[in-house]
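Shown next: structure_12.cif, containing mmCIF, C-alpha atoms and all ligand atoms.
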data_run
#
loop_
_atom_site.label_atom_id
_atom_site.label_comp_id
_atom_site.auth_asym_id
_atom_site.auth_seq_id
_atom_site.Cartn_x
_atom_site.Cartn_y
_atom_site.Cartn_z
CA MET L 1268 24.54 5.48 -19.08
CA ASN L 1269 25.31 1.96 -20.28
CA LYS L 1270 22.43 -0.02 -21.64
CA GLU L 1271 20.76 -2.52 -19.32
CA ASN L 1272 22.65 -5.59 -20.62
CA ASN L 1273 26.12 -4.26 -19.80
CA PHE L 1274 25.21 -2.39 -16.65
CA SER L 1275 27.38 -3.65 -13.78
CA PRO L 1276 25.70 -2.87 -10.48
CA GLU L 1277 27.31 -2.67 -7.05
CA ILE L 1278 24.02 -3.41 -5.31
CA ILE L 1279 20.74 -5.01 -6.30
CA VAL L 1280 17.70 -4.09 -4.25
CA ALA L 1281 14.35 -5.89 -4.22
CA SER L 1282 11.43 -3.81 -2.98
CA PRO L 1283 8.05 -5.55 -2.69
CA GLY L 1284 4.51 -4.35 -3.16
CA ARG L 1285 2.02 -4.94 -0.37
CA ILE L 1286 -1.43 -6.20 0.34
CA ASN L 1287 -3.57 -5.06 3.23
CA PHE L 1288 -5.98 -7.64 4.59
CA ILE L 1289 -7.92 -5.17 6.66
CA GLY L 1290 -7.59 -1.63 8.00
CA GLY L 1291 -8.70 0.45 5.04
CA HIS L 1292 -7.86 4.15 5.50
CA THR L 1293 -7.17 3.71 9.20
CA ASP L 1294 -3.43 4.40 8.87
CA TYR L 1295 -3.67 8.19 8.50
CA ASN L 1296 -6.12 8.18 11.41
CA ASN L 1297 -3.43 6.71 13.69
CA GLY L 1298 -5.29 3.41 13.72
CA PHE L 1299 -4.48 -0.27 13.15
CA VAL L 1300 -3.70 -2.09 9.89
CA LEU L 1301 -2.93 -5.67 8.88
CA PRO L 1302 -0.73 -5.58 5.76
CA ALA L 1303 1.97 -7.86 4.35
CA ALA L 1304 4.75 -7.40 1.81
CA ILE L 1305 4.21 -9.68 -1.20
CA ASP L 1306 6.26 -11.78 -3.60
CA LYS L 1307 5.92 -9.23 -6.40
CA LYS L 1308 8.51 -6.52 -6.45
CA ILE L 1309 10.47 -3.75 -8.08
CA THR L 1310 14.16 -4.51 -8.68
CA PHE L 1311 16.82 -1.79 -8.65
CA LYS L 1312 20.40 -2.06 -9.84
CA PHE L 1313 22.64 0.65 -8.42
CA ARG L 1314 26.18 1.84 -8.88
CA LYS L 1315 28.05 5.04 -8.05
CA ASN L 1316 29.04 6.94 -11.17
CA GLY L 1317 31.84 9.06 -9.73
CA THR L 1318 30.08 12.40 -10.23
CA ALA L 1319 29.20 14.72 -7.37
CA ASN L 1320 25.64 15.38 -8.41
CA ILE L 1321 24.42 13.67 -11.56
CA CYS L 1322 21.99 10.72 -11.20
CA ASN L 1323 20.84 8.63 -14.17
CA VAL L 1324 17.70 6.60 -13.67
CA HIS L 1325 16.33 4.19 -16.26
CA SER L 1326 12.89 2.62 -15.99
CA THR L 1327 12.98 -0.48 -18.18
CA ASN L 1328 9.21 -1.08 -18.14
CA TYR L 1329 8.48 2.27 -19.71
CA ASN L 1330 11.86 2.64 -21.35
CA LYS L 1331 12.13 6.09 -19.83
CA TYR L 1332 15.24 7.88 -18.66
CA LEU L 1333 15.55 10.54 -16.02
CA VAL L 1334 18.67 12.61 -15.39
CA VAL L 1335 18.68 14.41 -12.06
CA ASP L 1336 21.07 17.12 -10.94
CA LEU L 1337 21.17 16.88 -7.15
CA ASN L 1338 21.83 20.62 -6.96
CA THR L 1339 18.60 21.61 -8.68
CA ILE L 1340 15.87 19.15 -7.69
CA LYS L 1341 12.29 20.29 -8.18
CA PRO L 1342 8.95 18.59 -8.86
CA SER L 1343 8.32 17.41 -12.43
CA ILE L 1344 5.22 17.38 -14.61
CA GLU L 1345 5.94 13.69 -15.41
CA GLY L 1346 4.10 11.75 -12.68
CA TRP L 1347 6.52 8.85 -12.14
CA GLU L 1348 9.54 11.16 -11.90
CA ASN L 1349 8.16 12.74 -8.75
CA TYR L 1350 8.53 9.50 -6.77
CA ILE L 1351 12.25 9.55 -7.58
CA LEU L 1352 12.73 13.29 -7.18
CA GLY L 1353 10.76 13.36 -3.94
CA VAL L 1354 12.87 10.59 -2.38
CA LEU L 1355 16.12 12.24 -3.49
CA GLN L 1356 15.00 15.52 -1.96
CA GLN L 1357 14.16 13.80 1.33
CA LEU L 1358 17.55 12.06 1.37
CA LEU L 1359 19.35 15.34 0.70
CA ASN L 1360 17.41 16.91 3.59
CA ARG L 1361 18.86 14.25 5.88
CA SER L 1362 22.39 13.68 4.60
CA ASP L 1363 25.18 15.33 2.62
CA LEU L 1364 26.70 11.98 1.63
CA VAL L 1365 24.49 11.40 -1.42
CA LYS L 1366 26.47 11.69 -4.68
CA GLY L 1367 25.91 10.81 -8.34
CA PHE L 1368 24.70 7.28 -9.17
CA ASP L 1369 23.20 5.22 -11.97
CA CYS L 1370 20.11 3.13 -11.38
CA VAL L 1371 18.13 0.70 -13.52
CA ILE L 1372 14.60 -0.11 -12.38
CA SER L 1373 12.34 -2.96 -13.47
CA SER L 1374 8.95 -3.69 -11.98
CA GLU L 1375 6.58 -6.64 -11.65
CA LEU L 1376 3.96 -4.39 -10.09
CA ALA L 1377 1.32 -2.74 -12.22
CA ILE L 1378 1.15 1.02 -11.53
CA GLY L 1379 -2.04 2.19 -9.82
CA SER L 1380 -3.27 -1.33 -9.14
CA GLY L 1381 -3.57 -0.97 -5.37
CA LEU L 1382 -0.49 -3.10 -4.65
CA SER L 1383 1.46 0.02 -3.80
CA SER L 1384 3.99 0.11 -6.56
CA SER L 1385 4.60 3.70 -5.44
CA ALA L 1386 5.77 2.73 -1.95
CA ALA L 1387 7.90 -0.05 -3.45
CA LEU L 1388 9.52 2.49 -5.76
CA GLU L 1389 10.13 5.06 -3.05
CA CYS L 1390 11.40 2.63 -0.44
CA GLY L 1391 13.60 0.66 -2.84
CA LEU L 1392 15.26 3.82 -4.07
CA ALA L 1393 15.80 5.19 -0.56
CA TYR L 1394 17.05 1.82 0.66
CA GLY L 1395 19.52 1.43 -2.22
CA ILE L 1396 20.99 4.92 -1.90
CA ASN L 1397 21.26 4.42 1.85
CA GLU L 1398 23.35 1.29 1.24
CA LEU L 1399 25.35 2.69 -1.67
CA PHE L 1400 26.54 5.80 0.19
CA ASP L 1401 26.37 4.47 3.74
CA LEU L 1402 23.95 7.10 4.95
CA GLY L 1403 23.18 5.18 8.14
CA LEU L 1404 19.39 5.59 7.92
CA SER L 1405 17.25 3.09 9.81
CA LYS L 1406 14.43 1.10 8.18
CA LEU L 1407 11.92 3.30 9.97
CA GLU L 1408 13.54 6.45 8.62
CA ILE L 1409 13.41 4.96 5.13
CA ALA L 1410 9.69 4.28 5.47
CA LYS L 1411 9.00 7.74 6.88
CA LEU L 1412 11.03 9.69 4.35
CA SER L 1413 9.38 7.73 1.53
CA ARG L 1414 5.97 8.69 2.88
CA ASP L 1415 7.11 12.34 3.16
CA ALA L 1416 8.29 12.22 -0.46
CA GLU L 1417 4.81 11.12 -1.52
CA HIS L 1418 3.20 13.95 0.46
CA GLU L 1419 5.49 16.64 -0.87
CA TYR L 1420 6.28 15.68 -4.47
CA VAL L 1421 3.37 13.47 -5.50
CA GLY L 1422 0.69 15.24 -3.48
CA THR L 1423 -1.04 12.20 -1.97
CA LYS L 1424 -1.40 12.69 1.77
CA CYS L 1425 -1.03 8.97 2.38
CA GLY L 1426 -0.50 7.22 5.69
CA ILE L 1427 2.58 5.16 6.61
CA MET L 1428 1.16 1.68 5.98
CA ASP L 1429 2.39 1.01 2.43
CA GLN L 1430 5.95 2.11 3.05
CA TYR L 1431 6.05 0.35 6.40
CA ALA L 1432 4.81 -2.96 5.01
CA SER L 1433 7.14 -2.80 2.02
CA VAL L 1434 10.19 -2.27 4.26
CA PHE L 1435 9.32 -4.41 7.31
CA GLY L 1436 7.48 -7.34 5.71
CA GLU L 1437 8.55 -10.93 6.41
CA GLU L 1438 7.94 -14.22 4.70
CA ASN L 1439 4.62 -15.88 5.62
CA LYS L 1440 3.89 -13.15 8.14
CA VAL L 1441 1.32 -10.41 8.40
CA LEU L 1442 2.13 -7.16 10.21
CA PHE L 1443 -0.28 -6.00 12.87
CA LEU L 1444 0.79 -2.37 12.88
CA ASP L 1445 -0.25 0.34 15.28
CA CYS L 1446 0.06 3.52 13.20
CA LEU L 1447 0.19 5.68 16.33
CA SER L 1448 3.12 4.10 18.14
CA LEU L 1449 4.52 2.55 14.93
CA GLU L 1450 5.04 -0.67 16.85
CA TYR L 1451 4.11 -3.92 15.15
CA ARG L 1452 3.67 -7.60 15.80
CA LEU L 1453 4.26 -10.26 13.19
CA ILE L 1454 1.44 -12.78 12.91
CA PRO L 1455 2.16 -16.02 11.03
CA MET L 1456 -0.27 -16.62 8.19
CA GLN L 1457 -1.10 -20.30 7.95
CA LEU L 1458 -3.03 -20.53 4.74
CA THR L 1459 -3.12 -24.36 4.60
CA ASP L 1460 -5.89 -25.07 2.06
CA TYR L 1461 -6.42 -21.41 1.21
CA ARG L 1462 -4.67 -18.93 -1.05
CA VAL L 1463 -4.58 -15.15 -1.34
CA LEU L 1464 -5.92 -14.15 -4.73
CA ILE L 1465 -5.56 -10.62 -6.07
CA ILE L 1466 -8.02 -9.52 -8.72
CA ASN L 1467 -7.21 -6.33 -10.57
CA THR L 1468 -10.19 -4.45 -12.00
CA ASN L 1469 -7.79 -2.75 -14.40
CA VAL L 1470 -9.66 0.48 -13.85
CA GLU L 1471 -8.39 3.58 -12.15
CA HIS L 1472 -11.02 6.27 -11.91
CA ASN L 1473 -10.08 9.92 -12.11
CA LEU L 1474 -9.64 12.06 -9.06
CA SER L 1475 -8.51 9.22 -6.84
CA THR L 1476 -5.76 11.42 -5.35
CA SER L 1477 -8.05 14.35 -4.64
CA ASN L 1478 -10.77 12.06 -3.26
CA TYR L 1479 -8.20 10.38 -1.05
CA ASN L 1480 -7.07 13.72 0.36
CA THR L 1481 -10.71 14.76 0.84
CA ARG L 1482 -11.37 11.67 2.97
CA ARG L 1483 -8.40 12.55 5.12
CA GLU L 1484 -9.69 16.12 5.54
CA GLN L 1485 -13.17 14.85 6.43
CA CYS L 1486 -11.71 12.68 9.19
CA GLU L 1487 -9.75 15.67 10.47
CA GLU L 1488 -12.92 17.74 10.41
CA GLY L 1489 -14.62 15.02 12.47
CA VAL L 1490 -11.82 15.15 15.03
CA GLU L 1491 -12.13 18.96 15.27
CA ILE L 1492 -15.84 18.58 16.07
CA ILE L 1493 -15.20 15.85 18.66
CA ARG L 1494 -12.61 18.08 20.31
CA LYS L 1495 -15.33 20.60 21.17
CA LYS L 1496 -16.44 18.10 23.80
CA TYR L 1497 -13.30 16.02 24.24
CA GLU L 1498 -10.38 18.41 24.02
CA SER L 1499 -7.69 15.81 24.59
CA ILE L 1500 -8.60 13.73 21.53
CA SER L 1501 -6.20 14.16 18.65
CA SER L 1502 -7.24 11.43 16.17
CA LEU L 1503 -10.10 9.04 15.42
CA ARG L 1504 -7.97 6.31 16.93
CA GLU L 1505 -8.95 7.53 20.39
CA VAL L 1506 -12.66 7.78 19.61
CA THR L 1507 -15.14 5.17 20.80
CA LEU L 1508 -18.63 4.53 19.44
CA LYS L 1509 -20.03 6.06 22.62
CA ILE L 1510 -18.11 9.31 22.13
CA LEU L 1511 -19.13 9.45 18.49
CA GLU L 1512 -22.82 9.07 19.37
CA GLU L 1513 -22.51 11.93 21.84
CA VAL L 1514 -21.28 14.33 19.19
CA LYS L 1515 -23.33 12.99 16.30
CA GLU L 1516 -25.70 15.97 16.35
CA LEU L 1517 -22.82 18.36 15.80
CA MET L 1518 -21.71 16.62 12.61
CA SER L 1519 -23.06 16.53 9.09
CA PRO L 1520 -24.28 13.04 8.12
CA VAL L 1521 -21.31 12.63 5.75
CA ILE L 1522 -18.67 13.45 8.39
CA TYR L 1523 -20.46 11.19 10.85
CA GLN L 1524 -20.39 8.24 8.42
CA ARG L 1525 -16.70 8.75 7.67
CA CYS L 1526 -15.85 8.79 11.38
CA LEU L 1527 -18.14 5.86 12.16
CA TYR L 1528 -16.47 3.77 9.49
CA ILE L 1529 -12.98 4.46 10.91
CA VAL L 1530 -14.01 3.73 14.50
CA GLN L 1531 -15.65 0.45 13.46
CA GLU L 1532 -12.78 -0.49 11.17
CA ASN L 1533 -10.23 -0.10 13.98
CA GLU L 1534 -12.30 -2.56 16.01
CA ARG L 1535 -12.45 -4.95 13.08
CA VAL L 1536 -8.68 -4.90 12.59
CA GLN L 1537 -8.07 -5.79 16.23
CA LYS L 1538 -10.57 -8.64 15.99
CA ALA L 1539 -9.05 -9.80 12.71
CA ALA L 1540 -5.58 -9.94 14.29
CA GLU L 1541 -6.98 -12.24 16.99
CA TYR L 1542 -8.69 -14.49 14.44
CA LEU L 1543 -5.50 -14.72 12.44
CA LYS L 1544 -3.46 -15.57 15.52
CA ASN L 1545 -5.94 -18.37 16.29
CA ASN L 1546 -5.91 -19.44 12.68
CA ASN L 1547 -9.62 -18.85 12.31
CA LEU L 1548 -9.56 -17.90 8.64
CA LYS L 1549 -13.34 -18.11 8.18
CA ASN L 1550 -14.11 -15.42 10.76
CA PHE L 1551 -11.11 -13.45 9.53
CA GLY L 1552 -12.52 -13.54 5.99
CA GLU L 1553 -15.96 -12.46 7.15
CA LEU L 1554 -14.41 -9.25 8.51
CA LEU L 1555 -13.01 -8.51 5.04
CA TYR L 1556 -16.57 -8.49 3.70
CA GLN L 1557 -17.66 -6.14 6.47
CA CYS L 1558 -14.73 -3.86 5.73
CA HIS L 1559 -15.77 -3.70 2.08
CA GLU L 1560 -19.34 -2.77 2.99
CA GLY L 1561 -17.99 0.06 5.15
CA LEU L 1562 -15.74 1.35 2.38
CA ARG L 1563 -18.62 1.13 -0.06
CA TYR L 1564 -21.47 2.73 1.86
CA GLN L 1565 -19.91 4.73 4.67
CA TYR L 1566 -16.54 5.84 3.36
CA GLU L 1567 -17.77 5.85 -0.27
CA ILE L 1568 -14.51 5.10 -2.04
CA SER L 1569 -15.44 1.94 -3.91
CA CYS L 1570 -16.65 1.76 -7.51
CA GLU L 1571 -18.94 -0.41 -9.63
CA GLU L 1572 -16.14 -2.68 -10.80
CA LEU L 1573 -14.80 -3.38 -7.29
CA ASP L 1574 -18.31 -3.95 -5.92
CA PHE L 1575 -19.06 -6.36 -8.73
CA LEU L 1576 -15.99 -8.47 -7.92
CA VAL L 1577 -16.74 -8.59 -4.21
CA ASP L 1578 -20.46 -9.28 -4.72
CA TYR L 1579 -19.68 -12.01 -7.23
CA SER L 1580 -17.74 -13.96 -4.61
CA LYS L 1581 -20.46 -13.80 -1.96
CA ASP L 1582 -22.37 -16.96 -2.85
CA LYS L 1583 -19.23 -18.98 -3.53
CA ASP L 1584 -18.53 -21.14 -0.48
CA PHE L 1585 -14.90 -21.52 -1.47
CA VAL L 1586 -14.26 -17.76 -1.18
CA ILE L 1587 -14.22 -16.84 2.51
CA GLY L 1588 -13.29 -13.17 2.29
CA SER L 1589 -13.08 -10.40 -0.28
CA ARG L 1590 -12.65 -6.64 -0.22
CA MET L 1591 -11.25 -3.72 -2.17
CA MET L 1592 -7.75 -2.56 -1.25
CA GLY L 1593 -5.83 0.67 -1.35
CA GLY L 1594 -6.84 4.27 -1.95
CA GLY L 1595 -10.09 3.45 -3.77
CA PHE L 1596 -11.95 4.07 -7.05
CA GLY L 1597 -10.25 1.17 -8.80
CA GLY L 1598 -7.31 -1.16 -8.35
CA CYS L 1599 -7.55 -4.62 -6.81
CA THR L 1600 -9.60 -6.78 -4.53
CA VAL L 1601 -7.95 -9.18 -2.10
CA ASN L 1602 -9.65 -12.57 -1.78
CA ILE L 1603 -9.13 -15.60 0.40
CA ILE L 1604 -10.03 -18.67 -1.58
CA GLN L 1605 -9.74 -22.43 -1.26
CA LYS L 1606 -6.75 -23.55 -3.28
CA ASP L 1607 -8.51 -26.10 -5.48
CA PHE L 1608 -10.89 -23.48 -6.83
CA VAL L 1609 -8.39 -20.78 -7.79
CA GLU L 1610 -8.10 -21.64 -11.46
CA ILE L 1611 -11.75 -22.26 -12.16
CA TYR L 1612 -12.76 -19.15 -10.24
CA ILE L 1613 -10.37 -16.96 -12.21
CA LYS L 1614 -11.89 -18.28 -15.44
CA GLU L 1615 -15.44 -17.76 -14.26
CA ILE L 1616 -15.07 -14.31 -12.77
CA SER L 1617 -12.96 -13.08 -15.70
CA GLN L 1618 -15.77 -14.02 -18.08
CA ALA L 1619 -18.47 -12.46 -15.91
CA TYR L 1620 -16.46 -9.25 -15.55
CA LYS L 1621 -15.79 -9.12 -19.29
CA ASP L 1622 -19.50 -9.61 -20.01
CA LYS L 1623 -20.45 -6.84 -17.63
CA PHE L 1624 -17.80 -4.17 -18.27
CA ASN L 1625 -16.05 -5.34 -21.42
CA ILE L 1626 -12.75 -5.12 -19.53
CA LYS L 1627 -10.19 -7.86 -19.08
CA LEU L 1628 -9.24 -8.35 -15.45
CA ASP L 1629 -5.97 -9.73 -14.11
CA ALA L 1630 -5.89 -12.29 -11.32
CA PHE L 1631 -2.91 -13.84 -9.56
CA GLU L 1632 -1.93 -15.42 -6.27
CA VAL L 1633 0.38 -13.64 -3.85
CA ALA L 1634 2.05 -14.74 -0.64
CA PRO L 1635 3.27 -12.71 2.36
CA SER L 1636 6.98 -12.19 1.74
CA LYS L 1637 10.18 -10.52 2.79
CA GLY L 1638 10.41 -6.70 2.88
CA THR L 1639 12.96 -4.53 1.04
CA ASN L 1640 16.33 -6.27 0.92
CA HIS L 1641 19.56 -6.17 -1.00
CA GLN L 1642 22.35 -8.14 -2.42
CA LEU L 1643 25.89 -6.76 -2.55
CA LEU L 1644 27.76 -7.84 -5.64
CA THR L 1645 31.40 -8.81 -5.59
CA VAL L 1646 33.70 -7.59 -8.33
CA GLN L 1647 33.49 -10.93 -10.12
CA GLU L 1648 29.69 -11.01 -10.13
CA ASN L 1649 29.82 -7.49 -11.49
CA LYS L 1650 31.50 -8.56 -14.69
C1 LIG L 1701 -3.25 4.00 0.03
C2 LIG L 1701 -2.36 4.83 0.96
C3 LIG L 1701 -2.23 4.17 2.33
C4 LIG L 1701 -3.60 3.79 2.91
C5 LIG L 1701 -4.43 3.06 1.86
C6 LIG L 1701 -5.84 2.83 2.31
O1 LIG L 1701 -2.64 2.80 -0.30
O2 LIG L 1701 -1.07 4.99 0.40
O3 LIG L 1701 -1.52 5.00 3.21
O4 LIG L 1701 -4.24 4.90 3.41
O5 LIG L 1701 -4.50 3.76 0.63
O6 LIG L 1701 -5.90 1.92 3.33
#
Could I get this structure in the form of structure tokens?
Amino acid sequence: MNKENNFSPEIIVASPGRINFIGGHTDYNNGFVLPAAIDKKITFKFRKNGTANICNVHSTNYNKYLVVDLNTIKPSIEGWENYILGVLQQLLNRSDLVKGFDCVISSELAIGSGLSSSAALECGLAYGINELFDLGLSKLEIAKLSRDAEHEYVGTKCGIMDQYASVFGEENKVLFLDCLSLEYRLIPMQLTDYRVLIINTNVEHNLSTSNYNTRREQCEEGVEIIRKKYESISSLREVTLKILEEVKELMSPVIYQRCLYIVQENERVQKAAEYLKNNNLKNFGELLYQCHEGLRYQYEISCEELDFLVDYSKDKDFVIGSRMMGGGFGGCTVNIIQKDFVEIYIKEISQAYKDKFNIKLDAFEVAPSKGTNHQLLTVQENK
């Protein structure tokens, strides 16, 4: 494949990462979430290469190359390759129009940081190949097949939120997504004097994938127990606090806490959507703190570094909400902060974090932005 500087693409795809204001781990429980695509993305350059089955993929960040034969796709021992291979397999399951292509990928999203670089990678690849070969897949199919790729090739039994937000996001809007019906409403985010600040702990603790899958299994176990009394219930989405109290005795304390967190979190997300609609950012932010407490003590997927960052913000009047995001055990916090304090706060919290853990954090503003999109290049632009 040609080197990056003389690569002439037919299509350029931008696929954003996402933030999730609230609705931690509710997506795979058929619940509600409040994510947004962000202005940090992965860029893909695509062109057909005239072969029936050979695909050349170059990741510029890692300077890694992957050659895939579409006739013999199987999972790889190289982690990042499985996102590509998994998506290709899903596309082949749905269409026989996929042929050989070249693709150059460059990313502004740190891997494993909780901004869902994985969904951006999966969805951008699926989206680009869909355009390149005219597969006729809808945005929803792209989101779903990307999630399926993650289940089957990567092994994380994730929900649909990340892929959905990456594909369907819109500028200055937050998605209020119902993960059962997959319907969503766009809520304008009027930040006025506030900004969304992401703080990356720069830690990723081991076993996050297996712990993630365990949480999902524990929720399913909870549903099985609830079904002994309420046969028609198929997910925690349909469970009320009253129902949960009735079956509490049948559950271990751990399963009860997991279920309780999800039931309460679904209520919080619905409240948060209302606050956002009414532009009540203070009450909205307060729910982020409550969400974090639930993830910390009930769902038990936080870690020392995340807790430190959230706790640190609590007595700062200019921070009105903070919580951990994503799968857990590392990654980022999302913070809502008054704009005049962003710089000074980054300085202060970076120092405090360095003193405590001897780790350098990363902090940057993000804004709700447009979902996966593309640009078709004319022959002249290609030169
Ligand atoms: C990860 C998963 C999502 C979701 C979040 C937690 O990002 O990919 O599906 O479950 O964790 O809210």
Check your understanding: Which residues, written as a PyMOL selection string, have at least one atom at most 12 Å from region 1501-1507 of chain L, with all atoms listed in the file counted and residues fewer than 3 positions away on the same chain left out?
Key -> chain L and resi 1290+1292-1300+1445-1448+1483-1498+1510-1514+1522-1523+1525-1534
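The space separating CA of Met1456 (chain L) from CA of Val1441 (chain L) comes to 6.4 Å.
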Point to revise | All residues having an atom within 6 Å of ligand LIG 1701 (chain L) (all atoms listed in the file) as a PyMOL selection string | key: chain L and resi 1291-1292+1294+1425-1429+1593-1594
Revision key, fill the gap. If you count all atoms listed in the file, the residue of L:Phe1624, L:Trp1347, L:Tyr1461, L:Tyr1420 closest to Ser1385 (chain L) turns out to be L:Trp1347
**Study point:** Exercise: residues within 10 Å of coordinate (12.0, -3.2, -13.8), counting all atoms listed in the file, as JSON, numbers by chain
**Key:** {"L": [1308, 1309, 1310, 1311, 1312, 1325, 1326, 1327, 1328, 1329, 1330, 1371, 1372, 1373, 1374, 1375, 1376]}
For the selection you just gave me, I'd like the residues written to a file as a PDB file, in the coordinates of the input, keeping C-alpha atoms.
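Done, and the output landed in out-v6.pdb:
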ATOM      1  CA  LYS L1308       8.510  -6.520  -6.450  1.00  0.00           C
ATOM      2  CA  ILE L1309      10.470  -3.750  -8.080  1.00  0.00           C
ATOM      3  CA  THR L1310      14.160  -4.510  -8.680  1.00  0.00           C
ATOM      4  CA  PHE L1311      16.820  -1.790  -8.650  1.00  0.00           C
ATOM      5  CA  LYS L1312      20.400  -2.060  -9.840  1.00  0.00           C
ATOM      6  CA  HIS L1325      16.330   4.190 -16.260  1.00  0.00           C
ATOM      7  CA  SER L1326      12.890   2.620 -15.990  1.00  0.00           C
ATOM      8  CA  THR L1327      12.980  -0.480 -18.180  1.00  0.00           C
ATOM      9  CA  ASN L1328       9.210  -1.080 -18.140  1.00  0.00           C
ATOM     10  CA  TYR L1329       8.480   2.270 -19.710  1.00  0.00           C
ATOM     11  CA  ASN L1330      11.860   2.640 -21.350  1.00  0.00           C
ATOM     12  CA  VAL L1371      18.130   0.700 -13.520  1.00  0.00           C
ATOM     13  CA  ILE L1372      14.600  -0.110 -12.380  1.00  0.00           C
ATOM     14  CA  SER L1373      12.340  -2.960 -13.470  1.00  0.00           C
ATOM     15  CA  SER L1374       8.950  -3.690 -11.980  1.00  0.00           C
ATOM     16  CA  GLU L1375       6.580  -6.640 -11.650  1.00  0.00           C
ATOM     17  CA  LEU L1376       3.960  -4.390 -10.090  1.00  0.00           C
TER      18      LEU L1376
END
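Note that CA of Gly1367 (chain L) and CA of Asp1336 (chain L) are 8.4 Å apart.
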Review point. With all atoms listed in the file as the atoms that count, which of L:Val1586, L:Leu1352, L:Ile1396, L:Leu1453 lies nearest to Ser1636 (chain L)?
Key: L:Leu1453
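A straight line drawn from CA of Asn1397 (chain L) to CA of Glu1345 (chain L) is 24.9 Å long.
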Exercise for review: With a distance cut-off of 9 Å and all atoms listed in the file, select the neighbouring residues of Gln1457 (chain L), excluding the residue or stretch itself and same-chain residues fewer than 5 positions from it, and output the selection as a PyMOL selection string.
Suggested key: chain L and resi 1439-1440+1543+1546+1548
Using only C-alpha atoms, please write the residues we just selected to a file, as a PDB file, keeping the file's coordinate frame.
ATOM      1  CA  ASN L1439       4.620 -15.880   5.620  1.00  0.00           C
ATOM      2  CA  LYS L1440       3.890 -13.150   8.140  1.00  0.00           C
ATOM      3  CA  LEU L1543      -5.500 -14.720  12.440  1.00  0.00           C
ATOM      4  CA  ASN L1546      -5.910 -19.440  12.680  1.00  0.00           C
ATOM      5  CA  LEU L1548      -9.560 -17.900   8.640  1.00  0.00           C
TER       6      LEU L1548
END
Around all the atoms of region 1285-1300 of chain L listed in the file, with 8 Å of room on each side, what axis-aligned box do you get, giving centre and edge lengths in Å to one decimal, as AutoDock Vina command-line options?
--center_x -3.3 --center_y 0.3 --center_z 6.7 --size_x 26.7 --size_y 31.8 --size_z 30.1
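Distances from L:Phe1368, L:Pro1455, L:Ile1289, L:Ala1410 to Asn1323 (chain L) were compared using all atoms listed in the file, and the smallest one belongs to L:Phe1368.
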